[in-house]
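To be precise, the following lines are query24.cif, and they hold mmCIF, C-alpha atoms.
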data_final
loop_
_atom_site.label_atom_id
_atom_site.label_comp_id
_atom_site.auth_asym_id
_atom_site.auth_seq_id
_atom_site.Cartn_x
_atom_site.Cartn_y
_atom_site.Cartn_z
CA LEU Y 1 -38.05 -10.95 -2.15
CA ALA Y 2 -40.30 -9.84 -4.99
CA HIS Y 3 -39.81 -6.20 -3.94
CA ALA Y 4 -36.04 -6.69 -3.70
CA VAL Y 5 -35.91 -8.23 -7.18
CA ARG Y 6 -37.99 -5.41 -8.64
CA SER Y 7 -35.68 -2.81 -7.10
CA LEU Y 8 -32.57 -4.56 -8.40
CA ARG Y 9 -34.04 -4.86 -11.89
CA ARG Y 10 -34.91 -1.15 -11.86
CA THR Y 11 -31.36 -0.26 -10.79
CA GLU Y 12 -29.99 -2.47 -13.57
CA SER Y 13 -32.10 -0.55 -16.12
CA ILE Y 14 -30.87 2.80 -14.75
CA LEU Y 15 -27.23 1.71 -15.14
CA ARG Y 16 -27.85 0.53 -18.69
CA PHE Y 17 -29.48 3.83 -19.66
CA ALA Y 18 -26.66 5.77 -17.96
CA GLY Y 19 -24.16 3.91 -20.13
CA ARG Y 20 -25.87 5.11 -23.29
CA HIS Y 21 -24.80 8.71 -22.69
CA PHE Y 22 -21.34 7.70 -23.89
CA GLU Y 23 -22.86 7.36 -27.38
CA LEU Y 24 -23.46 11.11 -27.40
CA MET Y 25 -19.86 11.84 -26.51
CA GLU Y 26 -18.70 9.54 -29.29
CA THR Y 27 -20.38 11.81 -31.87
CA MET Y 28 -17.45 14.20 -31.32
CA THR Y 29 -14.09 13.93 -33.02
CA THR Y 30 -10.86 13.75 -31.06
CA ARG Y 31 -10.13 17.35 -31.99
CA ASP Y 32 -13.57 18.41 -30.70
CA PHE Y 33 -12.86 16.63 -27.45
CA LEU Y 34 -9.39 18.15 -27.05
CA SER Y 35 -10.77 21.65 -27.57
CA PHE Y 36 -12.18 21.60 -24.03
CA ARG Y 37 -10.42 18.68 -22.30
CA ASN Y 38 -7.42 20.65 -21.05
CA LYS Y 39 -9.76 23.12 -19.37
CA LEU Y 40 -10.87 20.30 -17.07
CA PHE Y 41 -7.47 19.95 -15.38
CA PRO Y 42 -7.00 18.98 -12.58
CA ALA Y 43 -10.53 17.58 -12.41
CA SER Y 44 -10.80 13.80 -12.70
CA GLY Y 45 -13.26 10.95 -12.63
CA PHE Y 46 -11.58 10.05 -9.34
CA GLN Y 47 -13.63 12.89 -7.86
CA SER Y 48 -16.97 11.26 -8.70
CA ALA Y 49 -18.54 10.84 -5.29
CA GLN Y 50 -21.64 9.24 -6.80
CA LEU Y 51 -19.65 6.43 -8.45
CA ARG Y 52 -17.70 5.83 -5.24
CA GLU Y 53 -20.98 5.70 -3.30
CA ILE Y 54 -22.41 3.09 -5.68
CA GLU Y 55 -19.26 0.98 -5.31
CA VAL Y 56 -19.36 1.24 -1.51
CA LEU Y 57 -23.07 0.51 -1.35
CA LEU Y 58 -22.67 -2.61 -3.48
CA GLY Y 59 -19.77 -3.78 -1.32
CA LEU Y 60 -16.46 -3.06 -3.05
CA LEU Y 61 -13.80 -3.24 -0.33
CA ASP Y 62 -10.94 -0.77 0.03
CA GLU Y 63 -8.36 -3.56 -0.30
CA GLU Y 64 -9.92 -4.64 -3.59
CA ARG Y 65 -9.42 -1.25 -5.21
CA ILE Y 66 -6.79 -0.72 -7.89
CA SER Y 67 -4.18 1.87 -7.02
CA MET Y 68 -4.64 5.15 -8.83
CA GLY Y 69 -0.89 5.40 -9.12
CA HIS Y 70 -0.29 8.72 -7.39
CA GLU Y 71 -2.21 8.72 -4.11
CA GLY Y 72 -2.47 6.58 -1.01
CA SER Y 73 -6.24 6.28 -1.08
CA TYR Y 74 -9.15 6.93 -3.41
CA LEU Y 75 -10.57 9.06 -0.59
CA THR Y 76 -7.69 11.52 -0.98
CA ALA Y 77 -8.88 12.38 -4.49
CA LEU Y 78 -12.21 13.47 -3.01
CA ARG Y 79 -10.66 16.16 -0.79
CA ASN Y 80 -10.55 19.82 -1.70
CA HIS Y 81 -7.33 21.01 -3.35
CA ASP Y 82 -6.13 22.42 -0.03
CA GLY Y 83 -6.59 18.98 1.60
CA SER Y 84 -9.68 19.89 3.57
CA VAL Y 85 -12.79 17.73 3.72
CA SER Y 86 -15.05 18.31 0.73
CA PRO Y 87 -18.81 17.59 0.50
CA ALA Y 88 -17.92 14.72 -1.84
CA LEU Y 89 -15.60 13.13 0.72
CA ALA Y 90 -18.17 13.60 3.49
CA ARG Y 91 -20.81 11.85 1.37
CA VAL Y 92 -18.61 8.84 0.68
CA GLU Y 93 -17.49 8.54 4.30
CA ARG Y 94 -21.13 8.59 5.43
CA ARG Y 95 -21.88 5.85 2.92
CA LYS Y 96 -18.94 3.75 4.17
CA ALA Y 97 -20.31 4.02 7.72
CA ASP Y 98 -23.80 2.97 6.63
CA ALA Y 99 -23.44 -0.81 6.94
CA PRO Y 100 -24.25 -3.39 5.77
CA SER Y 101 -23.39 -3.22 2.08
CA LEU Y 102 -25.45 -5.19 -0.42
CA ARG Y 103 -22.73 -7.85 -0.57
CA GLU Y 104 -22.75 -8.23 3.21
CA ALA Y 105 -26.56 -8.37 3.39
CA LEU Y 106 -26.69 -10.90 0.56
CA GLY Y 107 -24.08 -13.06 2.25
CA GLU Y 108 -25.97 -13.12 5.56
CA TRP Y 109 -29.23 -13.91 3.74
CA LEU Y 110 -27.60 -16.77 1.84
CA TYR Y 111 -26.09 -18.08 5.07
CA ARG Y 112 -29.61 -18.54 6.47
CA THR Y 113 -30.79 -20.54 3.44
CA PRO Y 114 -32.11 -24.00 4.38
CA ILE Y 115 -29.85 -26.56 2.68
CA GLN Y 116 -31.32 -30.04 2.44
CA GLY Y 117 -33.91 -28.90 4.97
CA ARG Y 118 -31.41 -27.68 7.58
CA THR Y 119 -30.67 -24.15 8.77
CA PRO Y 120 -27.59 -22.86 10.65
CA ASP Y 121 -29.30 -23.46 13.99
CA SER Y 122 -29.98 -27.14 13.20
CA LYS Y 123 -27.84 -29.51 15.27
CA ASP Y 124 -26.64 -31.46 12.25
CA ASP Y 125 -26.31 -28.48 9.92
CA ALA Y 126 -22.52 -28.60 9.48
CA ALA Y 127 -22.63 -32.32 8.67
CA CYS Y 128 -25.54 -31.78 6.30
CA VAL Y 129 -23.74 -28.99 4.42
CA SER Y 130 -20.63 -31.17 4.12
CA ALA Y 131 -22.72 -34.07 2.84
CA PHE Y 132 -24.41 -31.86 0.25
CA ILE Y 133 -21.07 -30.52 -0.93
CA ALA Y 134 -19.68 -34.06 -1.20
CA SER Y 135 -22.70 -35.34 -3.13
CA PHE Y 136 -22.69 -32.34 -5.46
CA LEU Y 137 -18.97 -32.69 -6.16
CA ALA Y 138 -19.45 -36.40 -6.88
CA ALA Y 139 -22.20 -35.52 -9.38
CA HIS Y 140 -19.98 -32.82 -10.85
CA GLU Y 141 -17.15 -35.31 -11.29
CA ARG Y 142 -19.45 -37.80 -13.02
CA GLU Y 143 -20.67 -35.15 -15.42
CA THR Y 144 -17.22 -33.78 -16.21
CA ASP Y 145 -15.92 -37.33 -16.71
CA GLY Y 146 -18.65 -37.86 -19.29
CA LEU Y 147 -17.77 -34.62 -21.04
CA LEU Y 148 -14.10 -35.56 -20.96
CA LYS Y 149 -14.81 -38.86 -22.73
CA VAL Y 150 -16.71 -37.04 -25.47
CA ALA Y 151 -13.91 -34.50 -25.87
CA LEU Y 152 -11.22 -37.17 -26.04
CA ALA Y 153 -13.17 -39.16 -28.61
CA THR Y 154 -12.81 -36.36 -31.13
CA ALA Y 155 -9.41 -34.98 -30.03
CA SER Y 156 -6.07 -35.56 -31.64
CA ALA Y 157 -3.39 -37.42 -29.71
CA ALA Y 158 -1.48 -34.18 -29.26
CA ASP Y 159 -4.49 -32.57 -27.55
CA GLU Y 160 -5.38 -35.40 -25.14
CA GLU Y 161 -3.05 -34.33 -22.33
CA ARG Y 162 -4.15 -30.71 -22.55
CA ILE Y 163 -7.85 -31.64 -22.46
CA GLN Y 164 -7.39 -34.02 -19.52
CA ALA Y 165 -5.52 -31.33 -17.60
CA ARG Y 166 -8.24 -28.81 -18.32
CA TYR Y 167 -11.03 -31.02 -16.96
CA ALA Y 168 -8.90 -32.01 -13.96
CA ALA Y 169 -8.38 -28.33 -13.19
CA GLU Y 170 -12.12 -27.73 -13.49
CA ARG Y 171 -12.86 -30.47 -10.95
CA ALA Y 172 -10.19 -29.19 -8.58
CA SER Y 173 -11.51 -25.65 -8.88
CA ALA Y 174 -15.05 -26.80 -8.06
CA ALA Y 175 -13.85 -28.64 -4.95
CA GLY Y 176 -11.74 -25.70 -3.83
CA PHE Y 177 -14.62 -23.28 -4.30
CA LEU Y 178 -17.20 -25.27 -2.34
CA ASP Y 179 -14.71 -26.19 0.40
CA ALA Y 180 -13.62 -22.52 0.59
CA THR Y 181 -9.95 -23.49 0.61
CA ASP Y 182 -9.11 -19.87 -0.23
CA VAL Y 183 -10.35 -18.75 3.22
CA VAL Y 184 -7.80 -19.24 6.02
CA ASP Y 185 -9.72 -18.43 9.21
CA PRO Y 186 -11.69 -21.56 10.28
CA LYS Y 187 -14.81 -19.66 11.37
CA ALA Y 188 -14.86 -17.50 8.25
CA ARG Y 189 -14.27 -20.59 6.13
CA ALA Y 190 -17.26 -22.41 7.62
CA HIS Y 191 -19.42 -19.35 6.98
CA CYS Y 192 -18.14 -19.06 3.41
CA ARG Y 193 -18.72 -22.79 2.73
CA ARG Y 194 -22.34 -22.47 3.73
CA VAL Y 195 -22.88 -19.32 1.67
CA ARG Y 196 -21.37 -20.89 -1.45
CA ALA Y 197 -23.29 -24.12 -0.90
CA ALA Y 198 -26.47 -22.04 -0.59
CA VAL Y 199 -25.84 -20.34 -3.94
CA VAL Y 200 -25.33 -23.72 -5.64
CA PHE Y 201 -28.37 -25.20 -3.85
CA ILE Y 202 -30.69 -22.36 -4.87
CA GLU Y 203 -29.49 -22.35 -8.47
CA SER Y 204 -29.62 -26.14 -8.76
CA TYR Y 205 -33.13 -26.67 -7.39
CA ARG Y 206 -34.76 -23.46 -8.57
CA GLU Y 207 -37.89 -25.33 -9.74
CA LEU Y 208 -38.88 -25.90 -6.10
CA PRO Y 209 -41.46 -23.22 -5.26
CA LEU Y 210 -39.73 -21.88 -2.14
CA LEU Y 211 -36.49 -21.40 -4.12
CA ALA Y 212 -38.04 -19.65 -7.14
CA TRP Y 213 -37.80 -16.08 -5.81
CA PRO Y 214 -34.39 -16.61 -4.19
CA ARG Y 215 -33.11 -17.75 -7.58
CA GLU Y 216 -34.63 -14.64 -9.20
CA LEU Y 217 -32.84 -12.52 -6.61
CA LEU Y 218 -29.47 -14.09 -7.42
CA ASP Y 219 -30.09 -13.59 -11.12
CA ALA Y 220 -31.01 -9.94 -10.52
CA VAL Y 221 -27.77 -9.41 -8.59
CA ILE Y 222 -25.78 -10.86 -11.49
CA ALA Y 223 -27.67 -8.72 -13.99
CA LEU Y 224 -27.04 -5.59 -11.90
CA GLU Y 225 -23.31 -6.20 -11.69
CA GLN Y 226 -23.17 -7.10 -15.36
CA ALA Y 227 -24.75 -3.72 -16.18
CA PHE Y 228 -22.15 -2.01 -13.98
CA VAL Y 229 -19.29 -3.86 -15.68
CA VAL Y 230 -20.68 -2.93 -19.11
CA PHE Y 231 -20.93 0.70 -17.97
CA ARG Y 232 -17.23 0.65 -17.09
CA GLN Y 233 -16.35 -1.01 -20.40
CA LEU Y 234 -18.36 1.55 -22.38
CA HIS Y 235 -16.55 4.32 -20.51
CA ALA Y 236 -13.17 2.79 -21.34
CA ARG Y 237 -14.00 2.33 -25.03
CA MET Y 238 -15.31 5.90 -25.29
CA VAL Y 239 -12.09 7.24 -23.76
CA GLU Y 240 -9.96 5.11 -26.07
CA ARG Y 241 -11.95 6.20 -29.10
CA MET Y 242 -11.69 9.87 -28.20
CA LEU Y 243 -8.22 10.07 -26.66
CA GLY Y 244 -6.35 6.86 -27.28
CA ARG Y 245 -4.09 5.99 -24.37
CA ARG Y 246 -3.22 9.44 -23.05
CA THR Y 247 -2.61 10.05 -19.38
CA GLY Y 248 -5.87 10.83 -17.58
CA THR Y 249 -6.67 14.36 -16.41
CA GLY Y 250 -6.21 13.21 -12.82
CA GLY Y 251 -2.84 11.65 -13.56
CA SER Y 252 -4.07 8.07 -13.94
CA ALA Y 253 -3.05 5.63 -16.68
CA GLY Y 254 -6.22 6.65 -18.52
CA VAL Y 255 -7.88 3.88 -20.49
CA ASP Y 256 -5.52 1.27 -19.01
CA TYR Y 257 -6.81 2.11 -15.53
CA LEU Y 258 -10.42 1.99 -16.72
CA ASP Y 259 -9.86 -1.40 -18.34
CA GLN Y 260 -8.41 -2.74 -15.09
CA THR Y 261 -11.45 -1.65 -13.09
CA ALA Y 262 -13.83 -3.22 -15.62
CA LEU Y 263 -11.93 -6.49 -15.35
CA ALA Y 264 -11.10 -6.63 -11.64
CA TYR Y 265 -14.01 -4.96 -9.86
CA ARG Y 266 -16.34 -7.92 -9.31
CA ILE Y 267 -18.25 -7.65 -6.06
CA PHE Y 268 -20.48 -10.73 -6.13
CA ARG Y 269 -17.73 -13.15 -7.11
CA ASP Y 270 -19.22 -16.20 -5.41
CA VAL Y 271 -22.52 -15.83 -7.26
CA TRP Y 272 -20.64 -15.52 -10.56
CA ALA Y 273 -18.30 -18.42 -9.75
CA ALA Y 274 -21.14 -20.80 -8.95
CA ARG Y 275 -22.21 -20.64 -12.61
CA THR Y 276 -19.13 -22.67 -13.51
CA LEU Y 277 -20.23 -25.55 -11.27
CA LEU Y 278 -23.91 -25.89 -12.14
CA LEU Y 279 -25.14 -29.19 -13.55
CA GLN Y 280 -27.98 -30.44 -15.70
CA LYS Y 281 -31.12 -31.21 -13.71
CA GLU Y 282 -30.80 -34.95 -14.36
CA ALA Y 283 -27.28 -35.03 -12.89
CA LEU Y 284 -28.15 -33.44 -9.55
CA PRO Y 285 -28.21 -35.35 -6.24
CA ALA Y 286 -31.64 -35.84 -4.67
CA VAL Y 287 -33.20 -33.17 -2.48
CA GLU Y 288 -33.83 -34.12 1.13
CA GLN Y 289 -37.05 -32.99 2.84
CA GLU Y 290 -38.37 -31.74 -0.49
CA ALA Y 291 -41.81 -31.01 0.97
CA MET Y 292 -40.24 -28.20 3.00
CA TYR Y 293 -39.59 -26.26 -0.21
CA GLN Y 294 -43.21 -26.31 -1.36
CA PHE Y 295 -45.58 -23.37 -0.96
CA ALA Y 296 -47.96 -25.54 1.02
CA SER Y 297 -45.32 -26.03 3.69
CA ALA Y 298 -45.56 -23.86 6.76
CA GLY Y 299 -41.91 -24.61 7.51
CA ILE Y 300 -38.81 -22.55 6.99
CA GLY Y 301 -38.87 -19.26 5.12
CA LEU Y 302 -36.10 -17.53 3.25
CA GLY Y 303 -36.69 -13.96 4.32
#
Could you take the file, read its structure, and then write that structure out as structure tokens?
Amino acid sequence: LAHAVRSLRRTESILRFAGRHFELMETMTTRDFLSFRNKLFPASGFQSAQLREIEVLLGLLDEERISMGHEGSYLTALRNHDGSVSPALARVERRKADAPSLREALGEWLYRTPIQGRTPDSKDDAACVSAFIASFLAAHERETDGLLKVALATASAADEERIQARYAAERASAAGFLDATDVVDPKARAHCRRVRAAVVFIESYRELPLLAWPRELLDAVIALEQAFVVFRQLHARMVERMLGRRTGTGGSAGVDYLDQTALAYRIFRDVWAARTLLLQKEALPAVEQEAMYQFASAGIGLG
């Protein structure tokens, strides 16, 4: 885990440094930029095999991609102009075949996490996961009820209904997330419930020695995706500063398309979403079989 965290942190730094090259482009004026931009036609950022490879490697799914507006698939943009297979397309297709993605590997690792001392192969694991979810949601409700009382004490009469609705929606969202009500297939839902419960468990009890490095890994994943999102946002702002909202060289909506990708392309959504649910240490339900999560224990690992 320490090696994985170090690698993720290094990748995060690389992405942040890559984003800084936009500062150099922003030293130009719009007229400077236009003096060579038209010579790039019909080249486009859609043809960046390296960016597509990073997205695929992290785990962005084809069905999650935003339409480019003029082609059936992002893979089409990687072909040669005569429609034949280009080296760029071959690279991306090889990457797509090289499973698992980081998201898939992370999900399977989280699925194996011991929750309240049980693992997926424990006989009472499903009941244990359900009990943990129920106890966590009860603690979450108690904490949000307390926050609601504080908010209502200082709110105007006109705001009371809005504030109550907001906290009610927050509680409902927490329950829906941990119960994976957004997943239809029963088997996939059970898998998703355990993965999400594992994220909340690791984040909530990170002081336990056996959970310290897993928590660092989750934080490194968030930091990596944050750096990627910032990279996209810097790209969009550079384009807007240089060119406004012109049509992109590849026929896209230009900065509007870039803004959509920065907003919508979140790969590790469950890890992000769990942040909304986390509670203060004092509000958490008790940990069962706590000794299992100590370094001195020769019990269950998290590898």
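Closest approach to Y:Asp179 from the set Y:Ala99, Y:Ala131, Y:Glu207, Y:Leu40 is made by Y:Ala131, with distances taken over only C-alpha atoms.
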Selection result for the PyMOL selection byres ((chain Y and resi 274) around 12) on this file, as a PyMOL selection string = chain Y and resi 173-178+195-204+218-219+222+268-273+275-279
Can those selected residues be exported to a file as an mmCIF file, in the coordinates of the input so that it contains C-alpha atoms?
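Final file, out_35.cif:
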data_model
loop_
_atom_site.group_PDB
_atom_site.id
_atom_site.type_symbol
_atom_site.label_atom_id
_atom_site.label_comp_id
_atom_site.auth_asym_id
_atom_site.auth_seq_id
_atom_site.Cartn_x
_atom_site.Cartn_y
_atom_site.Cartn_z
ATOM 1 C CA SER Y 173 -11.510 -25.650 -8.880
ATOM 2 C CA ALA Y 174 -15.050 -26.800 -8.060
ATOM 3 C CA ALA Y 175 -13.850 -28.640 -4.950
ATOM 4 C CA GLY Y 176 -11.740 -25.700 -3.830
ATOM 5 C CA PHE Y 177 -14.620 -23.280 -4.300
ATOM 6 C CA LEU Y 178 -17.200 -25.270 -2.340
ATOM 7 C CA VAL Y 195 -22.880 -19.320 1.670
ATOM 8 C CA ARG Y 196 -21.370 -20.890 -1.450
ATOM 9 C CA ALA Y 197 -23.290 -24.120 -0.900
ATOM 10 C CA ALA Y 198 -26.470 -22.040 -0.590
ATOM 11 C CA VAL Y 199 -25.840 -20.340 -3.940
ATOM 12 C CA VAL Y 200 -25.330 -23.720 -5.640
ATOM 13 C CA PHE Y 201 -28.370 -25.200 -3.850
ATOM 14 C CA ILE Y 202 -30.690 -22.360 -4.870
ATOM 15 C CA GLU Y 203 -29.490 -22.350 -8.470
ATOM 16 C CA SER Y 204 -29.620 -26.140 -8.760
ATOM 17 C CA LEU Y 218 -29.470 -14.090 -7.420
ATOM 18 C CA ASP Y 219 -30.090 -13.590 -11.120
ATOM 19 C CA ILE Y 222 -25.780 -10.860 -11.490
ATOM 20 C CA PHE Y 268 -20.480 -10.730 -6.130
ATOM 21 C CA ARG Y 269 -17.730 -13.150 -7.110
ATOM 22 C CA ASP Y 270 -19.220 -16.200 -5.410
ATOM 23 C CA VAL Y 271 -22.520 -15.830 -7.260
ATOM 24 C CA TRP Y 272 -20.640 -15.520 -10.560
ATOM 25 C CA ALA Y 273 -18.300 -18.420 -9.750
ATOM 26 C CA ARG Y 275 -22.210 -20.640 -12.610
ATOM 27 C CA THR Y 276 -19.130 -22.670 -13.510
ATOM 28 C CA LEU Y 277 -20.230 -25.550 -11.270
ATOM 29 C CA LEU Y 278 -23.910 -25.890 -12.140
ATOM 30 C CA LEU Y 279 -25.140 -29.190 -13.550
#
key: Among listed residues Y:Val129, Y:Ala180, Y:Leu106, Y:Ala49, nearest Y:Arg94 (using only C-alpha atoms)   =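 Residue with the minimum atom-to-atom distance to Y:Arg94: Y:Ala49.
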Quick check on the file I pasted: which residues fall under the PyMOL selection byres ((chain Y and resi 55-64) around 6)? Write them as a PDB file with C-alpha atoms, keeping the file's coordinate frame.
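The resulting file, result32.pdb, is reproduced below:
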ATOM      1  CA  ARG Y  52     -17.700   5.830  -5.240  1.00  0.00           C
ATOM      2  CA  GLU Y  53     -20.980   5.700  -3.300  1.00  0.00           C
ATOM      3  CA  ILE Y  54     -22.410   3.090  -5.680  1.00  0.00           C
ATOM      4  CA  ARG Y  65      -9.420  -1.250  -5.210  1.00  0.00           C
ATOM      5  CA  SER Y 101     -23.390  -3.220   2.080  1.00  0.00           C
ATOM      6  CA  LEU Y 102     -25.450  -5.190  -0.420  1.00  0.00           C
ATOM      7  CA  ARG Y 103     -22.730  -7.850  -0.570  1.00  0.00           C
ATOM      8  CA  ILE Y 267     -18.250  -7.650  -6.060  1.00  0.00           C
TER       9      ILE Y 267
END
query = Between atom CA of Y:Ala262 and atom CA of Y:Gln47, what is the distance, to one decimal in Å?
reply =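 Atom CA of Y:Gln47 lies 17.9 Å from atom CA of Y:Ala262.
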Could you give me, as a PDB file with C-alpha atoms, keeping the file's coordinate frame, the residues within 12 Å of Y:Ile115, counting all atoms listed in the file and dropping anything in the same chain fewer than 2 positions from it?
ATOM      1  CA  LEU Y 110     -27.600 -16.770   1.840  1.00  0.00           C
ATOM      2  CA  TYR Y 111     -26.090 -18.080   5.070  1.00  0.00           C
ATOM      3  CA  ARG Y 112     -29.610 -18.540   6.470  1.00  0.00           C
ATOM      4  CA  THR Y 113     -30.790 -20.540   3.440  1.00  0.00           C
ATOM      5  CA  GLY Y 117     -33.910 -28.900   4.970  1.00  0.00           C
ATOM      6  CA  ARG Y 118     -31.410 -27.680   7.580  1.00  0.00           C
ATOM      7  CA  THR Y 119     -30.670 -24.150   8.770  1.00  0.00           C
ATOM      8  CA  PRO Y 120     -27.590 -22.860  10.650  1.00  0.00           C
ATOM      9  CA  ASP Y 121     -29.300 -23.460  13.990  1.00  0.00           C
ATOM     10  CA  SER Y 122     -29.980 -27.140  13.200  1.00  0.00           C
ATOM     11  CA  ASP Y 124     -26.640 -31.460  12.250  1.00  0.00           C
ATOM     12  CA  ASP Y 125     -26.310 -28.480   9.920  1.00  0.00           C
ATOM     13  CA  ALA Y 126     -22.520 -28.600   9.480  1.00  0.00           C
ATOM     14  CA  ALA Y 127     -22.630 -32.320   8.670  1.00  0.00           C
ATOM     15  CA  CYS Y 128     -25.540 -31.780   6.300  1.00  0.00           C
ATOM     16  CA  VAL Y 129     -23.740 -28.990   4.420  1.00  0.00           C
ATOM     17  CA  SER Y 130     -20.630 -31.170   4.120  1.00  0.00           C
ATOM     18  CA  ALA Y 131     -22.720 -34.070   2.840  1.00  0.00           C
ATOM     19  CA  PHE Y 132     -24.410 -31.860   0.250  1.00  0.00           C
ATOM     20  CA  ILE Y 133     -21.070 -30.520  -0.930  1.00  0.00           C
ATOM     21  CA  ARG Y 193     -18.720 -22.790   2.730  1.00  0.00           C
ATOM     22  CA  ARG Y 194     -22.340 -22.470   3.730  1.00  0.00           C
ATOM     23  CA  VAL Y 195     -22.880 -19.320   1.670  1.00  0.00           C
ATOM     24  CA  ARG Y 196     -21.370 -20.890  -1.450  1.00  0.00           C
ATOM     25  CA  ALA Y 197     -23.290 -24.120  -0.900  1.00  0.00           C
ATOM     26  CA  ALA Y 198     -26.470 -22.040  -0.590  1.00  0.00           C
ATOM     27  CA  VAL Y 199     -25.840 -20.340  -3.940  1.00  0.00           C
ATOM     28  CA  VAL Y 200     -25.330 -23.720  -5.640  1.00  0.00           C
ATOM     29  CA  PHE Y 201     -28.370 -25.200  -3.850  1.00  0.00           C
ATOM     30  CA  ILE Y 202     -30.690 -22.360  -4.870  1.00  0.00           C
ATOM     31  CA  GLU Y 203     -29.490 -22.350  -8.470  1.00  0.00           C
ATOM     32  CA  SER Y 204     -29.620 -26.140  -8.760  1.00  0.00           C
ATOM     33  CA  TYR Y 205     -33.130 -26.670  -7.390  1.00  0.00           C
ATOM     34  CA  LEU Y 210     -39.730 -21.880  -2.140  1.00  0.00           C
ATOM     35  CA  LEU Y 211     -36.490 -21.400  -4.120  1.00  0.00           C
ATOM     36  CA  ALA Y 286     -31.640 -35.840  -4.670  1.00  0.00           C
ATOM     37  CA  VAL Y 287     -33.200 -33.170  -2.480  1.00  0.00           C
ATOM     38  CA  GLU Y 288     -33.830 -34.120   1.130  1.00  0.00           C
ATOM     39  CA  GLN Y 289     -37.050 -32.990   2.840  1.00  0.00           C
ATOM     40  CA  GLU Y 290     -38.370 -31.740  -0.490  1.00  0.00           C
ATOM     41  CA  MET Y 292     -40.240 -28.200   3.000  1.00  0.00           C
ATOM     42  CA  TYR Y 293     -39.590 -26.260  -0.210  1.00  0.00           C
ATOM     43  CA  ILE Y 300     -38.810 -22.550   6.990  1.00  0.00           C
ATOM     44  CA  GLY Y 301     -38.870 -19.260   5.120  1.00  0.00           C
ATOM     45  CA  LEU Y 302     -36.100 -17.530   3.250  1.00  0.00           C
TER      46      LEU Y 302
END
Quick one: 6 Å padding each side, axis-aligned, all listed atoms of stretch 189-207 of chain Y - centre and edge lengths in Å to one decimal, as JSON?
{"center_x": -26.1, "center_y": -22.9, "center_z": -1.1, "size_x": 35.6, "size_y": 19.6, "size_z": 29.4}
ask   = Which is closest to Y:Val239 among Y:Met25, Y:Ala18, Y:Ala158, Y:Ala2, if we use all atoms listed in the file?
value =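 Of Y:Met25, Y:Ala18, Y:Ala158, Y:Ala2, the one nearest Y:Val239 is Y:Met25, counting all atoms listed in the file.
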ask   = To one decimal place, how far is atom CA of Y:Thr76 from atom CA of Y:Ser48 in Å?
value =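 So the two atoms, atom CA of Y:Thr76 and atom CA of Y:Ser48, lie 12.1 Å apart.
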key: Between atom CA of Y:Arg266 and atom CA of Y:Ala138 - distance in Å to one decimal   = 28.8 Å
ask   = Between Y:Ala4, Y:Leu78, Y:Ala153, Y:Met28, which has the minimum distance to Y:Ala105 (counting all atoms listed in the file)?
value =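 Comparing Y:Ala4, Y:Leu78, Y:Ala153, Y:Met28 against Y:Ala105, the winner is Y:Ala4.
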Expected selection from the PyMOL selection byres ((chain Y and resi 256-261) around 8), given as an NGL selection string = :Y and (66 or 68 or 232-233 or 235-236 or 245 or 252-255 or 262-265)
Residue neighbourhood Y:Phe22, 8 Å, only C-alpha atoms, exclusion window fewer than 4 positions, as a PyMOL selection string = chain Y and resi 26+234-235+238
Expected file contents, prior selection, C-alpha atoms, as a PDB file, in the coordinates of the input:
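Below is the file that was written, out12.pdb:
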ATOM      1  CA  GLU Y  26     -18.700   9.540 -29.290  1.00  0.00           C
ATOM      2  CA  LEU Y 234     -18.360   1.550 -22.380  1.00  0.00           C
ATOM      3  CA  HIS Y 235     -16.550   4.320 -20.510  1.00  0.00           C
ATOM      4  CA  MET Y 238     -15.310   5.900 -25.290  1.00  0.00           C
TER       5      MET Y 238
END
task = Using all atoms listed in the file, determine which residues lie at most 9 Å from Y:Glu216, disregarding the query and same-chain residues fewer than 6 positions distant; provide the list as a ChimeraX atom specification.
result = /Y:1-2,5,206
Could those residues be written to a file, using C-alpha atoms, as an mmCIF file, keeping the file's coordinate frame?
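New file again_2.cif:
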data_model
loop_
_atom_site.group_PDB
_atom_site.id
_atom_site.type_symbol
_atom_site.label_atom_id
_atom_site.label_comp_id
_atom_site.auth_asym_id
_atom_site.auth_seq_id
_atom_site.Cartn_x
_atom_site.Cartn_y
_atom_site.Cartn_z
ATOM 1 C CA LEU Y 1 -38.050 -10.950 -2.150
ATOM 2 C CA ALA Y 2 -40.300 -9.840 -4.990
ATOM 3 C CA VAL Y 5 -35.910 -8.230 -7.180
ATOM 4 C CA ARG Y 206 -34.760 -23.460 -8.570
#
